[in-house]
$ cat input.pdb   # PDB, C-alpha atoms
ATOM      1  CA  MET B   1     -15.074  78.344  33.713
ATOM      2  CA  ARG B   2     -14.454  78.218  29.980
ATOM      3  CA  LEU B   3     -16.573  81.322  29.632
ATOM      4  CA  SER B   4     -14.563  83.110  32.289
ATOM      5  CA  TYR B   5     -11.280  82.329  30.373
ATOM      6  CA  LYS B   6     -12.710  83.742  27.165
ATOM      7  CA  LEU B   7     -13.785  86.878  28.954
ATOM      8  CA  ARG B   8     -10.330  87.376  30.443
ATOM      9  CA  THR B   9      -8.705  86.880  27.028
ATOM     10  CA  LYS B  10     -11.071  89.334  25.444
ATOM     11  CA  ARG B  11     -10.412  91.942  28.113
ATOM     12  CA  ARG B  12      -6.602  91.461  27.717
ATOM     13  CA  SER B  13      -6.761  91.927  23.962
ATOM     14  CA  GLU B  14      -8.726  95.074  24.442
ATOM     15  CA  VAL B  15      -6.207  96.429  26.963
ATOM     16  CA  GLY B  16      -3.000  95.554  24.847
ATOM     17  CA  PHE B  17       0.486  94.412  25.965
ATOM     18  CA  SER B  18       1.467  94.526  29.559
ATOM     19  CA  ILE B  19       4.426  96.605  30.800
ATOM     20  CA  VAL B  20       6.516  93.463  31.337
ATOM     21  CA  GLU B  21       5.903  92.240  27.797
ATOM     22  CA  LEU B  22       6.726  95.658  26.357
ATOM     23  CA  MET B  23       9.963  95.835  28.318
ATOM     24  CA  MET B  24      10.963  92.341  27.258
ATOM     25  CA  SER B  25      10.336  93.081  23.602
ATOM     26  CA  THR B  26      12.319  96.316  23.902
ATOM     27  CA  VAL B  27      15.275  94.478  25.446
ATOM     28  CA  VAL B  28      15.218  91.807  22.736
ATOM     29  CA  PHE B  29      15.068  94.486  20.018
ATOM     30  CA  ALA B  30      17.946  96.416  21.608
ATOM     31  CA  VAL B  31      20.095  93.281  21.788
ATOM     32  CA  CYS B  32      19.423  92.562  18.116
ATOM     33  CA  VAL B  33      20.304  96.132  17.125
ATOM     34  CA  ALA B  34      23.505  95.970  19.208
ATOM     35  CA  MET B  35      24.533  92.695  17.576
ATOM     36  CA  ILE B  36      23.885  94.059  14.098
ATOM     37  CA  GLY B  37      25.791  97.245  14.962
ATOM     38  CA  GLU B  38      28.751  95.263  16.302
ATOM     39  CA  MET B  39      28.835  93.163  13.154
ATOM     40  CA  ALA B  40      28.767  96.326  11.052
ATOM     41  CA  VAL B  41      31.636  97.862  13.062
ATOM     42  CA  LEU B  42      33.745  94.711  12.802
ATOM     43  CA  SER B  43      33.045  94.495   9.095
ATOM     44  CA  THR B  44      34.024  98.164   8.619
ATOM     45  CA  LYS B  45      37.237  97.710  10.616
ATOM     46  CA  GLY B  46      38.146  94.659   8.595
ATOM     47  CA  THR B  47      37.508  96.514   5.361
ATOM     48  CA  ILE B  48      39.605  99.496   6.478
ATOM     49  CA  LYS B  49      42.462  97.257   7.612
ATOM     50  CA  THR B  50      42.435  95.330   4.348
ATOM     51  CA  SER B  51      42.204  98.543   2.329
ATOM     52  CA  ASN B  52      45.056 100.179   4.281
ATOM     53  CA  THR B  53      47.276  97.139   3.829
ATOM     54  CA  SER B  54      46.491  96.836   0.139
ATOM     55  CA  ASP B  55      46.966 100.555  -0.579
ATOM     56  CA  SER B  56      50.210 100.742   1.406
ATOM     57  CA  GLN B  57      51.649  97.707  -0.320
ATOM     58  CA  VAL B  58      50.746  99.157  -3.715
ATOM     59  CA  HIS B  59      52.480 102.453  -2.880
ATOM     60  CA  ALA B  60      55.525 100.645  -1.472
ATOM     61  CA  ARG B  61      55.693  98.394  -4.526
ATOM     62  CA  ASN B  62      55.494 101.444  -6.821
ATOM     63  CA  ALA B  63      58.355 103.082  -4.903
ATOM     64  CA  ILE B  64      60.496  99.939  -5.138
ATOM     65  CA  ASN B  65      59.747  99.553  -8.849
ATOM     66  CA  ARG B  66      60.769 103.150  -9.438
ATOM     67  CA  ILE B  67      64.107 102.577  -7.693
ATOM     68  CA  ALA B  68      64.657  99.283  -9.529
ATOM     69  CA  ASN B  69      64.005 100.932 -12.913
ATOM     70  CA  ASP B  70      66.584 103.634 -12.175
ATOM     71  CA  VAL B  71      69.099 100.986 -11.110
ATOM     72  CA  ARG B  72      68.588  98.921 -14.269
ATOM     73  CA  ILE B  73      69.367 101.872 -16.555
ATOM     74  CA  GLY B  74      72.214 103.071 -14.340
ATOM     75  CA  ARG B  75      75.911 103.239 -15.167
ATOM     76  CA  GLY B  76      76.983 102.795 -11.549
ATOM     77  CA  PHE B  77      76.485 103.727  -7.908
ATOM     78  CA  GLY B  78      77.932 106.831  -6.297
ATOM     79  CA  ASP B  79      79.634 109.546  -8.338
ATOM     80  CA  TYR B  80      81.185 107.948 -11.416
ATOM     81  CA  TYR B  81      83.406 111.009 -11.895
ATOM     82  CA  GLY B  82      85.028 110.576  -8.471
ATOM     83  CA  ASN B  83      88.314 108.893  -7.631
ATOM     84  CA  ALA B  84      88.883 106.501  -4.712
ATOM     85  CA  SER B  85      86.778 107.544  -1.704
ATOM     86  CA  GLU B  86      85.351 110.462  -3.705
ATOM     87  CA  ARG B  87      83.290 107.883  -5.575
ATOM     88  CA  LEU B  88      81.154 107.383  -2.464
ATOM     89  CA  LYS B  89      79.764 110.934  -2.303
ATOM     90  CA  PHE B  90      77.905 113.330  -4.554
ATOM     91  CA  PRO B  91      79.159 115.568  -5.918
ATOM     92  CA  SER B  92      82.768 114.428  -5.920
ATOM     93  CA  ASN B  93      85.523 117.016  -6.068
ATOM     94  CA  SER B  94      86.168 116.039  -9.693
ATOM     95  CA  ASN B  95      82.546 116.186 -10.858
ATOM     96  CA  PRO B  96      82.537 118.492 -13.926
ATOM     97  CA  ILE B  97      78.786 119.216 -13.826
ATOM     98  CA  TYR B  98      78.034 119.848 -10.140
ATOM     99  CA  ASN B  99      80.637 121.098  -7.687
ATOM    100  CA  ALA B 100      81.355 123.792  -5.123
ATOM    101  CA  ILE B 101      81.073 126.435  -7.832
ATOM    102  CA  ARG B 102      78.117 125.068  -9.779
ATOM    103  CA  ALA B 103      75.215 123.968  -7.583
ATOM    104  CA  PRO B 104      71.866 122.732  -8.950
ATOM    105  CA  ILE B 105      69.004 125.148  -9.490
ATOM    106  CA  GLY B 106      67.480 125.896  -6.094
ATOM    107  CA  GLY B 107      70.639 124.840  -4.267
ATOM    108  CA  TRP B 108      71.278 121.530  -2.568
ATOM    109  CA  PRO B 109      68.362 119.830  -0.735
ATOM    110  CA  ALA B 110      67.764 121.336   2.690
ATOM    111  CA  ALA B 111      67.297 119.530   6.001
ATOM    112  CA  PRO B 112      66.130 116.937   6.880
ATOM    113  CA  TRP B 113      68.316 115.823   3.961
ATOM    114  CA  PRO B 114      71.945 115.178   4.952
ATOM    115  CA  SER B 115      74.282 118.128   4.454
ATOM    116  CA  THR B 116      76.647 115.829   2.546
ATOM    117  CA  ILE B 117      75.106 113.241   0.207
ATOM    118  CA  ASN B 118      77.000 109.995   0.799
ATOM    119  CA  LEU B 119      76.262 106.559  -0.589
ATOM    120  CA  SER B 120      75.009 104.542   2.402
ATOM    121  CA  ASP B 121      72.401 102.056   3.602
ATOM    122  CA  SER B 122      69.861 104.886   3.816
ATOM    123  CA  THR B 123      70.921 106.940   0.758
ATOM    124  CA  LEU B 124      71.197 105.555  -2.768
ATOM    125  CA  ILE B 125      73.096 107.454  -5.475
ATOM    126  CA  ILE B 126      72.572 106.230  -9.046
ATOM    127  CA  GLN B 127      74.053 107.729 -12.189
ATOM    128  CA  SER B 128      72.738 106.915 -15.651
ATOM    129  CA  PRO B 129      73.796 108.059 -19.132
ATOM    130  CA  VAL B 130      72.176 111.102 -20.693
ATOM    131  CA  VAL B 131      70.865 109.760 -23.989
ATOM    132  CA  PHE B 132      69.716 111.538 -27.098
ATOM    133  CA  LEU B 133      65.946 111.677 -27.590
ATOM    134  CA  SER B 134      64.361 113.710 -30.343
ATOM    135  CA  PRO B 135      61.616 115.977 -28.947
ATOM    136  CA  THR B 136      59.425 115.009 -31.899
ATOM    137  CA  ASN B 137      59.500 111.397 -30.593
ATOM    138  CA  ASP B 138      59.104 112.332 -26.917
ATOM    139  CA  PRO B 139      55.428 112.274 -25.764
ATOM    140  CA  LEU B 140      56.354 114.594 -22.867
ATOM    141  CA  SER B 141      57.793 117.257 -25.172
ATOM    142  CA  PRO B 142      55.756 120.182 -26.570
ATOM    143  CA  PHE B 143      57.423 119.449 -29.937
ATOM    144  CA  TYR B 144      56.054 115.890 -30.066
ATOM    145  CA  PHE B 145      53.783 114.774 -32.874
ATOM    146  CA  SER B 146      52.779 111.176 -33.439
ATOM    147  CA  SER B 147      53.434 111.126 -37.178
ATOM    148  CA  ALA B 148      57.078 112.217 -36.837
ATOM    149  CA  PRO B 149      59.619 109.702 -38.209
ATOM    150  CA  PHE B 150      61.680 107.865 -35.610
ATOM    151  CA  ASP B 151      65.110 109.420 -35.144
ATOM    152  CA  THR B 152      67.735 106.675 -35.406
ATOM    153  CA  ARG B 153      69.986 108.587 -32.968
ATOM    154  CA  ASN B 154      67.513 108.024 -30.118
ATOM    155  CA  GLY B 155      69.128 106.171 -27.213
ATOM    156  CA  MET B 156      72.710 107.142 -28.036
ATOM    157  CA  PRO B 157      74.624 108.344 -24.936
ATOM    158  CA  LEU B 158      75.841 111.940 -24.998
ATOM    159  CA  MET B 159      79.343 113.082 -24.120
ATOM    160  CA  LEU B 160      80.612 116.116 -22.239
ATOM    161  CA  PRO B 161      82.697 118.221 -24.603
ATOM    162  CA  LYS B 162      85.994 119.488 -23.279
ATOM    163  CA  GLY B 163      85.886 122.598 -21.099
ATOM    164  CA  ASN B 164      83.244 125.146 -20.043
ATOM    165  CA  PHE B 165      81.865 123.218 -17.065
ATOM    166  CA  GLY B 166      83.045 125.381 -14.195
ATOM    167  CA  ALA B 167      86.728 125.580 -13.311
ATOM    168  CA  PRO B 168      88.688 123.856 -11.849
ATOM    169  CA  ASN B 169      86.787 120.745 -12.961
ATOM    170  CA  ASP B 170      86.747 121.173 -16.733
ATOM    171  CA  PRO B 171      87.230 117.717 -18.249
ATOM    172  CA  LEU B 172      90.516 117.254 -20.079
ATOM    173  CA  TYR B 173      88.857 114.935 -22.581
ATOM    174  CA  ASN B 174      85.371 113.989 -23.679
ATOM    175  CA  MET B 175      83.584 112.343 -20.772
ATOM    176  CA  GLU B 176      80.230 110.635 -20.532
ATOM    177  CA  ASN B 177      77.327 112.891 -19.630
ATOM    178  CA  LEU B 178      75.475 111.486 -16.590
ATOM    179  CA  ASP B 179      72.199 112.148 -14.790
ATOM    180  CA  THR B 180      72.309 111.658 -11.009
ATOM    181  CA  THR B 181      69.310 110.339  -9.077
ATOM    182  CA  VAL B 182      69.374 110.199  -5.278
ATOM    183  CA  TYR B 183      66.968 108.321  -2.988
ATOM    184  CA  SER B 184      67.231 109.168   0.700
ATOM    185  CA  VAL B 185      65.376 108.095   3.850
ATOM    186  CA  VAL B 186      64.733 111.130   6.069
ATOM    187  CA  PRO B 187      62.730 111.655   9.301
ATOM    188  CA  ASP B 188      59.027 112.441   9.023
ATOM    189  CA  ILE B 189      58.658 115.663  11.028
ATOM    190  CA  ASP B 190      54.882 115.115  11.310
ATOM    191  CA  ARG B 191      55.127 111.561  12.696
ATOM    192  CA  PRO B 192      57.979 111.020  15.171
ATOM    193  CA  GLY B 193      59.549 107.583  14.903
ATOM    194  CA  GLU B 194      58.601 107.186  11.243
ATOM    195  CA  PHE B 195      60.506 108.049   8.084
ATOM    196  CA  ILE B 196      59.791 109.008   4.490
ATOM    197  CA  LEU B 197      61.542 108.088   1.256
ATOM    198  CA  GLN B 198      62.322 111.005  -1.030
ATOM    199  CA  VAL B 199      63.912 111.308  -4.460
ATOM    200  CA  ALA B 200      65.939 114.106  -6.064
ATOM    201  CA  ARG B 201      67.310 114.230  -9.598
ATOM    202  CA  PHE B 202      70.213 116.318 -10.849
ATOM    203  CA  PRO B 203      70.265 116.169 -14.660
ATOM    204  CA  GLY B 204      73.406 116.020 -16.721
ATOM    205  CA  ALA B 205      74.631 119.046 -18.636
ATOM    206  CA  GLN B 206      72.721 120.368 -21.626
ATOM    207  CA  ILE B 207      75.003 120.321 -24.645
ATOM    208  CA  THR B 208      75.354 123.675 -26.405
ATOM    209  CA  ASN B 209      74.630 122.377 -29.890
ATOM    210  CA  LEU B 210      71.785 120.169 -28.581
ATOM    211  CA  PRO B 211      69.342 122.629 -26.969
ATOM    212  CA  PRO B 212      66.006 121.405 -25.555
ATOM    213  CA  ASN B 213      64.284 121.838 -28.913
ATOM    214  CA  VAL B 214      66.777 119.357 -30.404
ATOM    215  CA  CYS B 215      67.171 116.879 -27.519
ATOM    216  CA  SER B 216      64.841 115.963 -24.646
ATOM    217  CA  TYR B 217      66.603 115.998 -21.282
ATOM    218  CA  LYS B 218      65.391 114.634 -17.961
ATOM    219  CA  THR B 219      63.977 117.294 -15.680
ATOM    220  CA  LEU B 220      65.393 118.508 -12.372
ATOM    221  CA  ILE B 221      63.704 117.186  -9.204
ATOM    222  CA  ASN B 222      64.661 119.646  -6.481
ATOM    223  CA  PRO B 223      63.310 120.128  -3.816
ATOM    224  CA  PRO B 224      63.040 116.350  -3.374
ATOM    225  CA  GLN B 225      59.723 114.572  -3.882
ATOM    226  CA  THR B 226      58.208 112.216  -1.302
ATOM    227  CA  ILE B 227      57.388 108.819  -2.808
ATOM    228  CA  LEU B 228      56.627 106.787   0.353
ATOM    229  CA  LYS B 229      55.600 107.474   3.957
ATOM    230  CA  GLY B 230      55.278 105.394   7.112
ATOM    231  CA  ILE B 231      58.688 103.654   6.897
ATOM    232  CA  THR B 232      59.748 102.068  10.195
ATOM    233  CA  GLY B 233      62.579  99.700   9.287
ATOM    234  CA  PRO B 234      64.611  97.632   8.941
ATOM    235  CA  LYS B 235      67.072  98.713  11.626
ATOM    236  CA  ALA B 236      70.115  97.069  13.110
ATOM    237  CA  ILE B 237      70.383  96.061  16.760
ATOM    238  CA  GLY B 238      71.443  99.092  18.762
ATOM    239  CA  ASP B 239      70.075 101.691  16.345
ATOM    240  CA  LEU B 240      68.363 104.649  17.966
ATOM    241  CA  ALA B 241      64.810 105.719  17.222
ATOM    242  CA  THR B 242      66.204 108.711  15.337
ATOM    243  CA  ASP B 243      68.523 106.611  13.173
ATOM    244  CA  PRO B 244      67.210 106.171   9.612
ATOM    245  CA  PRO B 245      66.194 102.647   8.520
ATOM    246  CA  ARG B 246      68.790 100.654   6.608
ATOM    247  CA  ILE B 247      66.820  99.908   3.466
ATOM    248  CA  PHE B 248      69.695  99.574   0.953
ATOM    249  CA  SER B 249      72.230  96.742   0.837
ATOM    250  CA  TYR B 250      74.827  96.610  -1.916
ATOM    251  CA  LEU B 251      75.574  93.465  -3.878
ATOM    252  CA  ARG B 252      79.110  92.837  -5.063
ATOM    253  CA  ARG B 253      80.159  90.299  -7.647
ATOM    254  CA  ASN B 254      82.561  87.732  -6.236
ATOM    255  CA  ARG B 255      84.822  87.191  -9.213
ATOM    256  CA  LYS B 256      86.043  83.631  -9.724
ATOM    257  CA  THR B 257      89.113  82.351 -11.493
ATOM    258  CA  VAL B 258      88.926  80.476 -14.779
ATOM    259  CA  GLY B 259      87.718  76.926 -14.276
ATOM    260  CA  SER B 260      86.158  77.569 -10.865
ATOM    261  CA  ALA B 261      82.502  77.921  -9.918
ATOM    262  CA  PRO B 262      80.495  80.740 -11.531
ATOM    263  CA  SER B 263      80.593  84.213 -10.005
ATOM    264  CA  THR B 264      78.123  84.912  -7.229
ATOM    265  CA  PHE B 265      76.823  88.040  -5.526
ATOM    266  CA  SER B 266      77.051  88.887  -1.848
ATOM    267  CA  VAL B 267      76.297  91.894   0.359
ATOM    268  CA  THR B 268      79.392  94.061   0.731
ATOM    269  CA  ALA B 269      80.493  96.989   2.835
ATOM    270  CA  LEU B 270      80.927 100.230   0.944
ATOM    271  CA  ASP B 271      84.521 101.268   0.391
ATOM    272  CA  ALA B 272      86.624 102.727  -2.380
ATOM    273  CA  SER B 273      88.166  99.373  -3.292
ATOM    274  CA  SER B 274      84.869  97.516  -3.783
ATOM    275  CA  ILE B 275      82.533 100.140  -5.226
ATOM    276  CA  GLY B 276      83.590  99.267  -8.779
ATOM    277  CA  ASP B 277      82.399  95.684  -8.277
ATOM    278  CA  VAL B 278      79.001  96.687  -6.855
ATOM    279  CA  LEU B 279      76.507  95.799  -9.562
ATOM    280  CA  GLY B 280      73.265  95.522  -7.625
ATOM    281  CA  VAL B 281      71.252  96.755  -4.685
ATOM    282  CA  SER B 282      68.896  94.956  -2.332
ATOM    283  CA  ILE B 283      65.906  97.018  -1.191
ATOM    284  CA  ASP B 284      64.089  96.149   2.051
ATOM    285  CA  LEU B 285      61.136  98.135   3.339
ATOM    286  CA  GLU B 286      59.193  97.793   6.571
ATOM    287  CA  PHE B 287      56.308 100.225   6.693
ATOM    288  CA  ARG B 288      53.161 101.054   8.628
ATOM    289  CA  THR B 289      50.011 100.344   6.668
ATOM    290  CA  THR B 290      48.463 103.637   7.780
ATOM    291  CA  GLY B 291      51.425 105.503   6.346
ATOM    292  CA  LEU B 292      49.191 107.645   4.146
ATOM    293  CA  SER B 293      47.009 108.693   7.090
ATOM    294  CA  SER B 294      47.665 111.383   9.688
ATOM    295  CA  ASN B 295      46.331 109.065  12.411
ATOM    296  CA  THR B 296      49.307 107.557  14.266
ATOM    297  CA  SER B 297      47.306 105.622  16.879
ATOM    298  CA  SER B 298      44.865 103.776  14.694
ATOM    299  CA  THR B 299      43.719 100.378  15.874
ATOM    300  CA  ASN B 300      44.013  99.338  12.234
ATOM    301  CA  ASP B 301      47.810  99.716  12.273
ATOM    302  CA  MET B 302      49.858  96.886  10.809
ATOM    303  CA  ILE B 303      53.493  96.503   9.765
ATOM    304  CA  ALA B 304      54.152  95.121   6.290
ATOM    305  CA  ALA B 305      57.405  94.396   4.473
ATOM    306  CA  LEU B 306      58.664  94.155   0.893
ATOM    307  CA  HIS B 307      61.950  93.031  -0.639
ATOM    308  CA  GLU B 308      63.430  93.558  -4.100
ATOM    309  CA  GLU B 309      66.805  93.191  -5.804
ATOM    310  CA  ALA B 310      67.886  95.144  -8.877
ATOM    311  CA  PHE B 311      71.056  94.997 -10.957
ATOM    312  CA  LEU B 312      72.790  97.289 -13.412
ATOM    313  CA  ARG B 313      72.006  96.288 -16.976
ATOM    314  CA  ASN B 314      73.943  99.000 -18.764
ATOM    315  CA  ASN B 315      76.765  97.351 -20.695
ATOM    316  CA  ARG B 316      80.020  98.983 -19.616
ATOM    317  CA  ASN B 317      81.733  97.734 -22.760
ATOM    318  CA  MET B 318      79.569 100.043 -24.861
ATOM    319  CA  VAL B 319      80.509 103.357 -23.261
ATOM    320  CA  LEU B 320      81.094 106.105 -25.824
ATOM    321  CA  ASN B 321      84.134 107.545 -24.047
ATOM    322  CA  ASN B 322      87.192 108.989 -25.764
ATOM    323  CA  THR B 323      90.020 108.248 -23.347
ATOM    324  CA  THR B 324      92.641 109.991 -25.473
ATOM    325  CA  VAL B 325      93.568 113.416 -24.089
ATOM    326  CA  LEU B 326      92.659 116.055 -26.649
ATOM    327  CA  PRO B 327      95.086 118.841 -27.577
TER     328      PRO B 327
END

$ encode --input "input.pdb" --output "structure tokens"
Amino acid sequence: MRLSYKLRTKRRSEVGFSIVELMMSTVVFAVCVAMIGEMAVLSTKGTIKTSNTSDSQVHARNAINRIANDVRIGRGFGDYYGNASERLKFPSNSNPIYNAIRAPIGGWPAAPWPSTINLSDSTLIIQSPVVFLSPTNDPLSPFYFSSAPFDTRNGMPLMLPKGNFGAPNDPLYNMENLDTTVYSVVPDIDRPGEFILQVARFPGAQITNLPPNVCSYKTLINPPQTILKGITGPKAIGDLATDPPRIFSYLRRNRKTVGSAPSTFSVTALDASSIGDVLGVSIDLEFRTTGLSSNTSSTNDMIAALHEEAFLRNNRNMVLNNTTVLP
């Protein structure tokens, strides 16, 4: 009997695996491959989701930092040349640099930008002083060289000389020369339901006796540049899908009387009576983490949010402004 068992074992080894054993081993191998493949897919999805979130937050943070930097060097919000309600739009009827007669190079931004640029919760208008900067000290200028001595006039605000700025808005006296930067949330025509943040810059006037080879001026940004995609909010209750997100809130100083508690800041509605007290802006962004991708139905979609507050730092008591009417 023992001999018979050895003979059967020898014959089996000579024949090889049976069909059942081969099928079982194939099934086990397939299950292992499927499990490894599933783990690889899950790992890839996790990596993509993390990468999308990280990249989107970096781009959103860069956009917010850019806005905050412009606010911190700003003179004020809206059109500083405007009076009363004219302060809330750009350009105001009394703007000596840009007006109905003198439009920026390339004209005003086309749709989907608003036909009238008004300070609002979806459009931010910031004006900052045009300052003197010697081209020899400006790394972005073709006249720059590192060994040039520092010009002590660098950083001094420039004034608009009387006249020659396009009637009927010629200034009657020397006025401060201002750059205007506008951030606006507009619909993304490629991705319905989402919005993009764009920026345009309208530089102040170039002074006749300070041509570009004497002073470095900020450059025009027109057409507007896109600095962030995939914006979805925040929105107020009742807003339509086509309504732009309300990403800007304006902070007004609540002035206190002598001997009372210190001044505080609170969100204020925009009107002609309060715009002079608005010294800061709150920026809130809700955005889709696949905002840089053309895929709008990705399973890796997530909504992230960022918040920032920025305040004007430009000292209004140091404005070089001659308020005496010149002859």

$ residues_around --input "input.pdb" --residues "region 116-118 of chain B" --least-positions-apart "2" --cutoff "6 Å" --atoms "all atoms listed in the file" --output "list in words"
Leu88, Lys89, Phe90 and Pro114 of chain B

$ resolve_selection --input "input.pdb" --expression "the PyMOL selection byres ((chain B and resi 220) around 12)" --output "PyMOL selection string"
chain B and resi 104-108+179-182+199-206+217-219+221-225

$ write_last_selection --input "input.pdb" --atoms "C-alpha atoms" --output "PDB file, in the coordinates of the input"
ATOM      1  CA  PRO B 104      71.866 122.732  -8.950  1.00  0.00           C
ATOM      2  CA  ILE B 105      69.004 125.148  -9.490  1.00  0.00           C
ATOM      3  CA  GLY B 106      67.480 125.896  -6.094  1.00  0.00           C
ATOM      4  CA  GLY B 107      70.639 124.840  -4.267  1.00  0.00           C
ATOM      5  CA  TRP B 108      71.278 121.530  -2.568  1.00  0.00           C
ATOM      6  CA  ASP B 179      72.199 112.148 -14.790  1.00  0.00           C
ATOM      7  CA  THR B 180      72.309 111.658 -11.009  1.00  0.00           C
ATOM      8  CA  THR B 181      69.310 110.339  -9.077  1.00  0.00           C
ATOM      9  CA  VAL B 182      69.374 110.199  -5.278  1.00  0.00           C
ATOM     10  CA  VAL B 199      63.912 111.308  -4.460  1.00  0.00           C
ATOM     11  CA  ALA B 200      65.939 114.106  -6.064  1.00  0.00           C
ATOM     12  CA  ARG B 201      67.310 114.230  -9.598  1.00  0.00           C
ATOM     13  CA  PHE B 202      70.213 116.318 -10.849  1.00  0.00           C
ATOM     14  CA  PRO B 203      70.265 116.169 -14.660  1.00  0.00           C
ATOM     15  CA  GLY B 204      73.406 116.020 -16.721  1.00  0.00           C
ATOM     16  CA  ALA B 205      74.631 119.046 -18.636  1.00  0.00           C
ATOM     17  CA  GLN B 206      72.721 120.368 -21.626  1.00  0.00           C
ATOM     18  CA  TYR B 217      66.603 115.998 -21.282  1.00  0.00           C
ATOM     19  CA  LYS B 218      65.391 114.634 -17.961  1.00  0.00           C
ATOM     20  CA  THR B 219      63.977 117.294 -15.680  1.00  0.00           C
ATOM     21  CA  ILE B 221      63.704 117.186  -9.204  1.00  0.00           C
ATOM     22  CA  ASN B 222      64.661 119.646  -6.481  1.00  0.00           C
ATOM     23  CA  PRO B 223      63.310 120.128  -3.816  1.00  0.00           C
ATOM     24  CA  PRO B 224      63.040 116.350  -3.374  1.00  0.00           C
ATOM     25  CA  GLN B 225      59.723 114.572  -3.882  1.00  0.00           C
TER      26      GLN B 225
END

$ resolve_selection --input "input.pdb" --expression "the PyMOL selection byres ((chain B and resi 130) around 7)" --output "list in words"
Ser128, Pro129, Val131, Phe132, Pro157, Leu158, Asn177, Leu178, Asp179 and Gly204 of chain B

$ resolve_selection --input "input.pdb" --expression "the PyMOL selection byres ((chain B and resi 87) around 12)" --output "PyMOL selection string"
chain B and resi 76-86+88-95+117-120+125-127+270-276

$ atom_distance --input "input.pdb" --atom1 "CA of Val185 (chain B)" --atom2 "CA of Pro245 (chain B)"
7.2 Å

$ axis_aligned_box --input "input.pdb" --around "region 75-84 of chain B" --padding-each-side "6 Å" --output "AutoDock Vina command-line options"
--center_x 82.4 --center_y 106.9 --center_z -9.9 --size_x 25.0 --size_y 20.2 --size_z 22.5

$ residues_around --input "input.pdb" --residues "Pro234 (chain B)" --least-positions-apart "6" --cutoff "8 Å" --atoms "all atoms listed in the file" --output "MDAnalysis selection string"
chainID B and resid 245:247 284:286

$ closest_residue --input "input.pdb" --among "B:Pro149, B:Gln198, B:Met23, B:Ala30" --to "Arg66 (chain B)" --atoms "only C-alpha atoms"
B:Gln198

$ closest_residue --input "input.pdb" --among "B:Asp55, B:Glu38, B:Asp243, B:Asp188" --to "Ala304 (chain B)" --atoms "all atoms listed in the file"
B:Asp55

$ residues_around --input "input.pdb" --residues "Ala241 (chain B)" --least-positions-apart "6" --cutoff "10 Å" --atoms "all atoms listed in the file" --output "number ranges by chain"
B: 192-194, 232, 235

$ atom_distance --input "input.pdb" --atom1 "CA of Ala63 (chain B)" --atom2 "CA of Arg191 (chain B)"
19.8 Å

$ atom_distance --input "input.pdb" --atom1 "CA of Arg75 (chain B)" --atom2 "CA of Leu124 (chain B)"
13.5 Å

$ closest_residue --input "input.pdb" --among "B:Tyr183, B:Tyr250, B:Phe265, B:Tyr144" --to "Cys215 (chain B)" --atoms "all atoms listed in the file"
B:Tyr144

$ closest_residue --input "input.pdb" --among "B:Pro109, B:Pro212, B:Gly74, B:Pro96" --to "Thr136 (chain B)" --atoms "only C-alpha atoms"
B:Pro212

$ closest_residue --input "input.pdb" --among "B:Ala110, B:Pro211, B:Glu308, B:Glu176" --to "Arg61 (chain B)" --atoms "only C-alpha atoms"
B:Glu308
